[in-house]
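Have a look at the structure below before the remarks.
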Amino acid sequence: MNNVFMNTYNRLPVTFSKGEGSWLFDINGKKYLDLGSGIAVNCLGHNYPPLVKAVSQQAAKFLHVCNYYTSDVSAEFAEKLVQAAAPAGMKNVFLANSGAEANEGACKLARKYSLLKYGPGRHTIVTLRGSFHGRTITTLAATGQDKFHKDFGPFTEGFLHIPGNDIDALEKALDSKKVAGLLLEAIQGESGIIPQRSEFIAAAAKLCAERDILLIFDEIQTGIGRTGTFLALEQYKDADGKPLKADIVTLAKGIAGGIPAGAFLAGEKTSSVLVAGDHGSTFGGNPVAAAAGLVVLKTVNDPTFLAEISRKGEALIASLKQNPKVKEVRGKGLMIGLDIEKEAWPVLKAGITRAENKDCGLLILSAGVNTLRLLPQYFISDSEIKQGLDIISELID
């Protein structure tokens with residue numbers, strides 16, 4: 001069956017047929033504790049009843065309306081999404097399909113803002129080494145990892161990669177005569193769960209404000225509550241100790257709980273830059289995705305719910321730090337990376353084959369050669385967390 005797919009994935013030997021909560025079941029009926037959530041996509045777990053109901057009800061009404069018009073459900077979703085991101089200074093939103101599309105739109109928005117205000121030549125987007133922003137030709141150019149660039153050049157010009165957490169490099173790179181925007185992840189996911197230090201983020205905000213360079217946060221993986229706040233940037237302050245504001249924020253992955261969706265949001269500076277004809281997306285704002293997104297927003301954007309994500313994450317991190325087989329633990333909320341002495345990929349395989357002889361398998365992710373990545377669904381129970389920790393300890397022994 002898998003022979004019909006292009007050979008673009010290093011797939012693990014399992015095929016799933018259904019899911020329930022934190023569990024997936026393969027075609028042979030064996031079960032697996034899912035601590036990856038489809039790489040942060042299934043944030044409310046598998047087969048979440050309110051999400052299933054909303055998608056089913058919307059599918060029974062209509063599946064798609066082209067963007068000549070709006071739909072009631074996409075308009076409501078856009079409104080609620082902007083409200084949820086308002087603490088970060090967001091004013092309006094473009095609804096898209098994916099993280100790469102959201103990041104590409106953010107780059108277009110930044111470049112047009114700079115062109116209108118300063119003229120040609122001020123178009124560079126600065127990103128960080130170790131970053132991951134997508135797999136289109138432009139978002140590959142933005143991605144600061146050489147391994148993703150091999151074989152696909154030439155890339156879109158105008159991207160500069162600098163080390164993360166390096167304020168001196170940041171200050172040198174942010175040339176007000178050349179740079180339109182700074183695109184960064186508060187916590188880098190694909191390169192090993194690497195958080196940016198608070199002083200680095202504060203310096204970035206200060207320099208961008210002083211030089212009128214747009215501050216763009218890629219919250220594709222960190223957003224929608226993953227780190228214990230609706231947006232990860234809410235956990236940072238500017239140089240004056242005030243809540244951090246952004247000029248552009250990008251979202252995807254968990255935004256619709258498993259239905260393909262993405263978005264980029266604009267702050268005060270950038271909310272009126274794009275006009276009719278500047279950007280578009282055939283499926284952006286799809287009614288079914290919007291219906292799913294409304295369930296996610298209603299569930300996640302709640303202080304008590306977000307506090308539970310933080311509590312579970314702190315418990316996970318504390319337990320992992322006590323494990324002598326774990327070299328280092330990094331992350332916030334339910335976005336956690338743990339470094340181990342052996343390579344990560346064989347551990348992922350062992351999590352699959354465990355289901356053959358024991359009560360269940362385990363689904364975890366890798367992020368770099370020696371880093372395991374945990375992105376469990378938000379409703380995961382304390383007993384499931386303990387079970388997962390026990391299996392991880394077994395697998396890395």
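Just so we're on the same page: first chain in the structure tokens is A, next is B, and so on; residues restart at 1 for each chain, and ligands are numbered from 1 in the order they show up.
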- Task: Name the residues of range 55-237 of chain A that come out as strand (DSSP E) in a backbone DSSP run; write them as a ChimeraX atom specification.
- Result: /A:90-96,124-128,159-162,179-184,187-188,194-195,214-218
Quick one: write out the picked residues with C-alpha atoms as an mmCIF file, in the first residue's frame?
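Once everything was written out, this is result22.cif:
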data_model
loop_
_atom_site.group_PDB
_atom_site.id
_atom_site.type_symbol
_atom_site.label_atom_id
_atom_site.label_comp_id
_atom_site.auth_asym_id
_atom_site.auth_seq_id
_atom_site.Cartn_x
_atom_site.Cartn_y
_atom_site.Cartn_z
ATOM 1 C CA MET A 90 -2.835 41.721 16.804
ATOM 2 C CA LYS A 91 -5.553 43.588 14.871
ATOM 3 C CA ASN A 92 -6.585 41.397 11.928
ATOM 4 C CA VAL A 93 -5.864 38.056 10.273
ATOM 5 C CA PHE A 94 -5.373 36.269 6.962
ATOM 6 C CA LEU A 95 -6.633 32.675 7.066
ATOM 7 C CA ALA A 96 -4.446 30.166 5.236
ATOM 8 C CA THR A 124 15.973 41.336 3.981
ATOM 9 C CA ILE A 125 14.322 39.038 6.524
ATOM 10 C CA VAL A 126 16.624 38.001 9.375
ATOM 11 C CA THR A 127 16.044 34.547 10.897
ATOM 12 C CA LEU A 128 17.923 32.361 13.361
ATOM 13 C CA PHE A 159 17.274 36.046 3.964
ATOM 14 C CA LEU A 160 20.038 36.263 6.567
ATOM 15 C CA HIS A 161 20.591 33.650 9.291
ATOM 16 C CA ILE A 162 22.238 34.566 12.611
ATOM 17 C CA VAL A 179 16.237 44.743 6.859
ATOM 18 C CA ALA A 180 12.443 44.584 6.707
ATOM 19 C CA GLY A 181 11.776 42.050 9.447
ATOM 20 C CA LEU A 182 13.086 39.673 12.092
ATOM 21 C CA LEU A 183 11.374 36.251 11.995
ATOM 22 C CA LEU A 184 11.925 34.013 15.009
ATOM 23 C CA ILE A 187 11.232 28.050 21.137
ATOM 24 C CA GLN A 188 12.745 26.320 18.120
ATOM 25 C CA ILE A 194 15.765 25.379 21.843
ATOM 26 C CA PRO A 195 14.267 28.316 23.797
ATOM 27 C CA LEU A 214 9.027 44.301 11.940
ATOM 28 C CA LEU A 215 9.107 41.780 14.780
ATOM 29 C CA ILE A 216 7.581 38.534 13.474
ATOM 30 C CA PHE A 217 6.913 35.537 15.701
ATOM 31 C CA ASP A 218 6.563 32.108 14.128
#
Within 12 Å of range 248-267 of chain A: each range 79-192 of chain A residue with its shortest pair, only C-alpha atoms, as a Markdown table:
| residue | atom | partner | partner_atom | distance |
| --- | --- | --- | --- | --- |
| A:Glu79 | CA | A:Leu265 | CA | 11.3 |
| A:Lys80 | CA | A:Ile255 | CA | 11.9 |
| A:Leu81 | CA | A:Leu265 | CA | 8.9 |
| A:Val82 | CA | A:Leu265 | CA | 7.4 |
| A:Gln83 | CA | A:Leu265 | CA | 10.9 |
| A:Ala84 | CA | A:Leu265 | CA | 11.0 |
| A:Ala85 | CA | A:Leu265 | CA | 8.2 |
| A:Ala86 | CA | A:Gly267 | CA | 8.8 |
| A:Pro87 | CA | A:Gly267 | CA | 10.5 |
| A:Ala88 | CA | A:Gly267 | CA | 8.1 |
| A:Gly89 | CA | A:Gly267 | CA | 5.4 |
| A:Met90 | CA | A:Gly267 | CA | 4.2 |
| A:Lys91 | CA | A:Gly267 | CA | 5.2 |
| A:Asn92 | CA | A:Ala266 | CA | 5.6 |
| A:Val93 | CA | A:Leu265 | CA | 4.2 |
| A:Phe94 | CA | A:Phe264 | CA | 5.5 |
| A:Leu95 | CA | A:Ala263 | CA | 4.5 |
| A:Ala96 | CA | A:Gly262 | CA | 4.6 |
| A:Asn97 | CA | A:Ala261 | CA | 4.0 |
| A:Ser98 | CA | A:Gly262 | CA | 4.4 |
| A:Gly99 | CA | A:Ala252 | CA | 5.0 |
| A:Ala100 | CA | A:Gly262 | CA | 8.5 |
| A:Glu101 | CA | A:Gly262 | CA | 7.3 |
| A:Ala102 | CA | A:Phe264 | CA | 5.2 |
| A:Asn103 | CA | A:Thr250 | CA | 6.2 |
| A:Glu104 | CA | A:Phe264 | CA | 9.3 |
| A:Gly105 | CA | A:Phe264 | CA | 7.0 |
| A:Ala106 | CA | A:Phe264 | CA | 6.3 |
| A:Cys107 | CA | A:Ile248 | CA | 9.4 |
| A:Lys108 | CA | A:Phe264 | CA | 10.9 |
| A:Leu109 | CA | A:Ile248 | CA | 8.6 |
| A:Ala110 | CA | A:Ile248 | CA | 8.3 |
| A:Tyr113 | CA | A:Ala266 | CA | 11.3 |
| A:His133 | CA | A:Thr250 | CA | 10.0 |
| A:Gly134 | CA | A:Ala252 | CA | 11.3 |
| A:Gly181 | CA | A:Ile248 | CA | 9.5 |
| A:Leu182 | CA | A:Ile248 | CA | 10.0 |
| A:Leu183 | CA | A:Ile248 | CA | 9.0 |
| A:Leu184 | CA | A:Val249 | CA | 9.9 |
| A:Glu185 | CA | A:Thr250 | CA | 10.0 |
| A:Ala186 | CA | A:Val249 | CA | 11.4 |
- So how many Å separate CA of Tyr118 in chain A and CA of Ala209 in chain A, to one decimal?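 Going from CA of Tyr118 in chain A over to CA of Ala209 in chain A, I get 15.4 Å.
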- Message: I'd like the contact shell of Phe25 in chain A - 12 Å cut-off, only C-alpha atoms, skipping same-chain residues fewer than 6 positions apart - returned as a PyMOL selection string.
- Response: chain A and resi 14-19+31-34+46+352+355+360-363
For the selection you just gave me, I'd like the residues written to a file as an mmCIF file, in the first residue's frame, keeping N, CA, C and O atoms.
data_model
loop_
_atom_site.group_PDB
_atom_site.id
_atom_site.type_symbol
_atom_site.label_atom_id
_atom_site.label_comp_id
_atom_site.auth_asym_id
_atom_site.auth_seq_id
_atom_site.Cartn_x
_atom_site.Cartn_y
_atom_site.Cartn_z
ATOM 1 N N VAL A 14 4.153 1.240 11.031
ATOM 2 C CA VAL A 14 2.828 1.104 11.634
ATOM 3 C C VAL A 14 1.830 1.881 10.775
ATOM 4 O O VAL A 14 2.160 2.923 10.205
ATOM 5 N N THR A 15 0.595 1.364 10.684
ATOM 6 C CA THR A 15 -0.483 2.036 9.970
ATOM 7 C C THR A 15 -1.687 2.121 10.909
ATOM 8 O O THR A 15 -2.153 1.100 11.418
ATOM 9 N N PHE A 16 -2.182 3.329 11.135
ATOM 10 C CA PHE A 16 -3.250 3.525 12.114
ATOM 11 C C PHE A 16 -4.621 3.538 11.451
ATOM 12 O O PHE A 16 -4.776 3.918 10.286
ATOM 13 N N SER A 17 -5.629 3.138 12.238
ATOM 14 C CA SER A 17 -6.991 3.088 11.713
ATOM 15 C C SER A 17 -7.981 3.883 12.555
ATOM 16 O O SER A 17 -9.062 4.220 12.073
ATOM 17 N N LYS A 18 -7.666 4.183 13.810
ATOM 18 C CA LYS A 18 -8.571 4.995 14.626
ATOM 19 C C LYS A 18 -7.817 5.545 15.836
ATOM 20 O O LYS A 18 -6.695 5.115 16.145
ATOM 21 N N GLY A 19 -8.447 6.519 16.508
ATOM 22 C CA GLY A 19 -7.843 7.112 17.692
ATOM 23 C C GLY A 19 -8.898 7.484 18.717
ATOM 24 O O GLY A 19 -10.080 7.642 18.407
ATOM 25 N N LYS A 31 -2.591 -0.895 20.415
ATOM 26 C CA LYS A 31 -2.744 0.498 20.805
ATOM 27 C C LYS A 31 -1.399 1.137 21.149
ATOM 28 O O LYS A 31 -0.439 0.456 21.534
ATOM 29 N N TYR A 32 -1.367 2.466 21.010
ATOM 30 C CA TYR A 32 -0.138 3.237 21.191
ATOM 31 C C TYR A 32 -0.471 4.527 21.930
ATOM 32 O O TYR A 32 -1.391 5.258 21.539
ATOM 33 N N LEU A 33 0.275 4.826 22.970
ATOM 34 C CA LEU A 33 0.143 6.093 23.674
ATOM 35 C C LEU A 33 0.823 7.173 22.837
ATOM 36 O O LEU A 33 2.017 7.085 22.544
ATOM 37 N N ASP A 34 0.067 8.179 22.445
ATOM 38 C CA ASP A 34 0.534 9.188 21.497
ATOM 39 C C ASP A 34 1.029 10.427 22.242
ATOM 40 O O ASP A 34 0.232 11.223 22.728
ATOM 41 N N HIS A 46 -7.436 12.751 19.961
ATOM 42 C CA HIS A 46 -8.120 12.080 18.859
ATOM 43 C C HIS A 46 -9.597 11.891 19.187
ATOM 44 O O HIS A 46 -9.957 11.555 20.317
ATOM 45 N N ILE A 352 7.461 1.768 18.674
ATOM 46 C CA ILE A 352 6.487 1.086 17.808
ATOM 47 C C ILE A 352 6.514 -0.422 18.061
ATOM 48 O O ILE A 352 5.467 -1.054 18.267
ATOM 49 N N ALA A 355 4.719 -2.517 21.004
ATOM 50 C CA ALA A 355 3.324 -2.968 20.981
ATOM 51 C C ALA A 355 3.193 -4.439 20.616
ATOM 52 O O ALA A 355 2.159 -5.058 20.887
ATOM 53 N N CYS A 360 1.216 -1.941 25.165
ATOM 54 C CA CYS A 360 1.004 -0.853 24.211
ATOM 55 C C CYS A 360 2.335 -0.391 23.642
ATOM 56 O O CYS A 360 3.401 -0.686 24.184
ATOM 57 N N GLY A 361 2.251 0.357 22.551
ATOM 58 C CA GLY A 361 3.417 1.033 22.016
ATOM 59 C C GLY A 361 3.435 2.483 22.465
ATOM 60 O O GLY A 361 2.522 2.955 23.155
ATOM 61 N N LEU A 362 4.475 3.200 22.073
ATOM 62 C CA LEU A 362 4.607 4.609 22.426
ATOM 63 C C LEU A 362 4.989 5.405 21.184
ATOM 64 O O LEU A 362 5.893 5.022 20.441
ATOM 65 N N LEU A 363 4.308 6.516 20.974
ATOM 66 C CA LEU A 363 4.597 7.391 19.855
ATOM 67 C C LEU A 363 5.241 8.669 20.381
ATOM 68 O O LEU A 363 4.607 9.441 21.112
#
Closest atom pairs, range 193-285 of chain A residues within 10 Å of range 370-387 of chain A, only C-alpha atoms, as a Markdown table:
| residue | atom | partner | partner_atom | distance |
| --- | --- | --- | --- | --- |
| A:Ile193 | CA | A:Arg373 | CA | 7.5 |
| A:Gln221 | CA | A:Leu375 | CA | 9.5 |
| A:Gly225 | CA | A:Tyr378 | CA | 8.7 |
| A:Arg226 | CA | A:Tyr378 | CA | 8.0 |
| A:Thr227 | CA | A:Leu375 | CA | 9.9 |
| A:Gly228 | CA | A:Tyr378 | CA | 9.9 |
| A:Gly254 | CA | A:Gln377 | CA | 9.7 |
| A:Gly257 | CA | A:Gln377 | CA | 9.8 |
- Residues at most 12 Å from Phe305 in chain A, counting only C-alpha atoms, excluding those fewer than 3 positions away in the same chain, as a count of residues only? 23
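As for CA of Ser114 in chain A and CA of Leu274 in chain A, they are spaced 12.1 Å apart.
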- Task: Find the distance between CA of Gly192 in chain A and CA of Leu334 in chain A and write it in Å to one decimal.
- Result: 14.2 Å
- Task: Mind checking which residues fall within 12 Å of Leu12 in chain A, counting only C-alpha atoms, ignoring those fewer than 6 positions away in the same chain, and posting them as a list in words?
- Result: Asn2, Trp345, Pro346, Val347, Leu348, Lys349, Ala350, Gly351, Ile352, Thr353, Leu362, Leu363, Ile364 and Leu365 of chain A
- helix (DSSP H, G or I) positions in range 205-354 of chain A, given as JSON, numbers by chain: {"A": [205, 206, 207, 208, 209, 210, 211, 232, 233, 234, 235, 253, 254, 255, 256, 287, 288, 289, 290, 291, 292, 293, 294, 295, 296, 297, 298, 299, 300, 303, 304, 305, 306, 307, 308, 309, 310, 311, 312, 313, 314, 315, 316, 317, 318, 319, 320, 321, 344, 345, 346, 347, 348, 349, 350, 351, 352, 353, 354]}
Output file for the residues above (C-alpha atoms, as an mmCIF file, in the first residue's frame):
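What ended up in selection00.cif:
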data_model
loop_
_atom_site.group_PDB
_atom_site.id
_atom_site.type_symbol
_atom_site.label_atom_id
_atom_site.label_comp_id
_atom_site.auth_asym_id
_atom_site.auth_seq_id
_atom_site.Cartn_x
_atom_site.Cartn_y
_atom_site.Cartn_z
ATOM 1 C CA ALA A 205 11.904 43.850 20.522
ATOM 2 C CA LYS A 206 13.860 46.983 21.454
ATOM 3 C CA LEU A 207 16.059 46.982 18.360
ATOM 4 C CA CYS A 208 13.138 46.294 16.018
ATOM 5 C CA ALA A 209 11.097 49.126 17.534
ATOM 6 C CA GLU A 210 13.993 51.592 17.367
ATOM 7 C CA ARG A 211 14.822 50.733 13.738
ATOM 8 C CA ALA A 232 4.447 31.702 23.615
ATOM 9 C CA LEU A 233 5.506 35.341 23.203
ATOM 10 C CA GLU A 234 3.112 36.244 26.048
ATOM 11 C CA GLN A 235 5.674 34.768 28.445
ATOM 12 C CA LYS A 253 -0.602 23.054 13.481
ATOM 13 C CA GLY A 254 -3.059 22.962 16.419
ATOM 14 C CA ILE A 255 -5.142 25.891 15.185
ATOM 15 C CA ALA A 256 -7.962 23.594 14.009
ATOM 16 C CA PRO A 287 -15.686 26.605 6.672
ATOM 17 C CA VAL A 288 -14.958 23.117 8.027
ATOM 18 C CA ALA A 289 -11.518 24.207 9.266
ATOM 19 C CA ALA A 290 -13.071 27.333 10.774
ATOM 20 C CA ALA A 291 -15.698 25.267 12.601
ATOM 21 C CA ALA A 292 -12.948 23.090 14.049
ATOM 22 C CA GLY A 293 -10.906 26.172 14.914
ATOM 23 C CA LEU A 294 -13.790 27.655 16.890
ATOM 24 C CA VAL A 295 -13.873 24.549 19.096
ATOM 25 C CA VAL A 296 -10.122 24.798 19.656
ATOM 26 C CA LEU A 297 -10.315 28.489 20.584
ATOM 27 C CA LYS A 298 -13.276 27.980 22.911
ATOM 28 C CA THR A 299 -11.450 25.151 24.676
ATOM 29 C CA VAL A 300 -7.895 26.436 24.802
ATOM 30 C CA PRO A 303 -6.884 30.754 31.855
ATOM 31 C CA THR A 304 -7.767 27.635 33.839
ATOM 32 C CA PHE A 305 -7.195 25.350 30.868
ATOM 33 C CA LEU A 306 -3.863 27.023 30.045
ATOM 34 C CA ALA A 307 -2.779 26.719 33.676
ATOM 35 C CA GLU A 308 -3.383 22.967 33.447
ATOM 36 C CA ILE A 309 -1.120 22.767 30.388
ATOM 37 C CA SER A 310 1.601 24.521 32.389
ATOM 38 C CA ARG A 311 1.076 22.240 35.403
ATOM 39 C CA LYS A 312 1.300 19.078 33.325
ATOM 40 C CA GLY A 313 4.376 20.381 31.537
ATOM 41 C CA GLU A 314 6.135 21.265 34.768
ATOM 42 C CA ALA A 315 5.398 17.802 36.145
ATOM 43 C CA LEU A 316 6.734 16.156 32.986
ATOM 44 C CA ILE A 317 9.905 18.242 32.992
ATOM 45 C CA ALA A 318 10.522 17.656 36.712
ATOM 46 C CA SER A 319 10.177 13.886 36.300
ATOM 47 C CA LEU A 320 12.421 13.779 33.246
ATOM 48 C CA LYS A 321 15.119 15.757 35.057
ATOM 49 C CA ALA A 344 16.787 9.252 18.963
ATOM 50 C CA TRP A 345 15.436 7.469 15.879
ATOM 51 C CA PRO A 346 16.023 3.891 17.142
ATOM 52 C CA VAL A 347 14.103 4.868 20.298
ATOM 53 C CA LEU A 348 11.150 5.923 18.139
ATOM 54 C CA LYS A 349 11.295 2.546 16.385
ATOM 55 C CA ALA A 350 11.439 0.739 19.720
ATOM 56 C CA GLY A 351 8.307 2.598 20.785
ATOM 57 C CA ILE A 352 6.487 1.086 17.808
ATOM 58 C CA THR A 353 7.788 -2.471 18.181
ATOM 59 C CA ARG A 354 6.989 -2.440 21.910
#
- Task: Find, counting only C-alpha atoms, the residue in A:Leu116, A:Ile39, A:Ala54, A:Cys66 that gets nearest to Ser272 in chain A.
- Result: A:Leu116
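For the choices A:Ala40, A:Ala204, A:Ala141, A:Ile167, the atom-to-atom distance to Met335 in chain A is smallest for A:Ala40 when using only C-alpha atoms.
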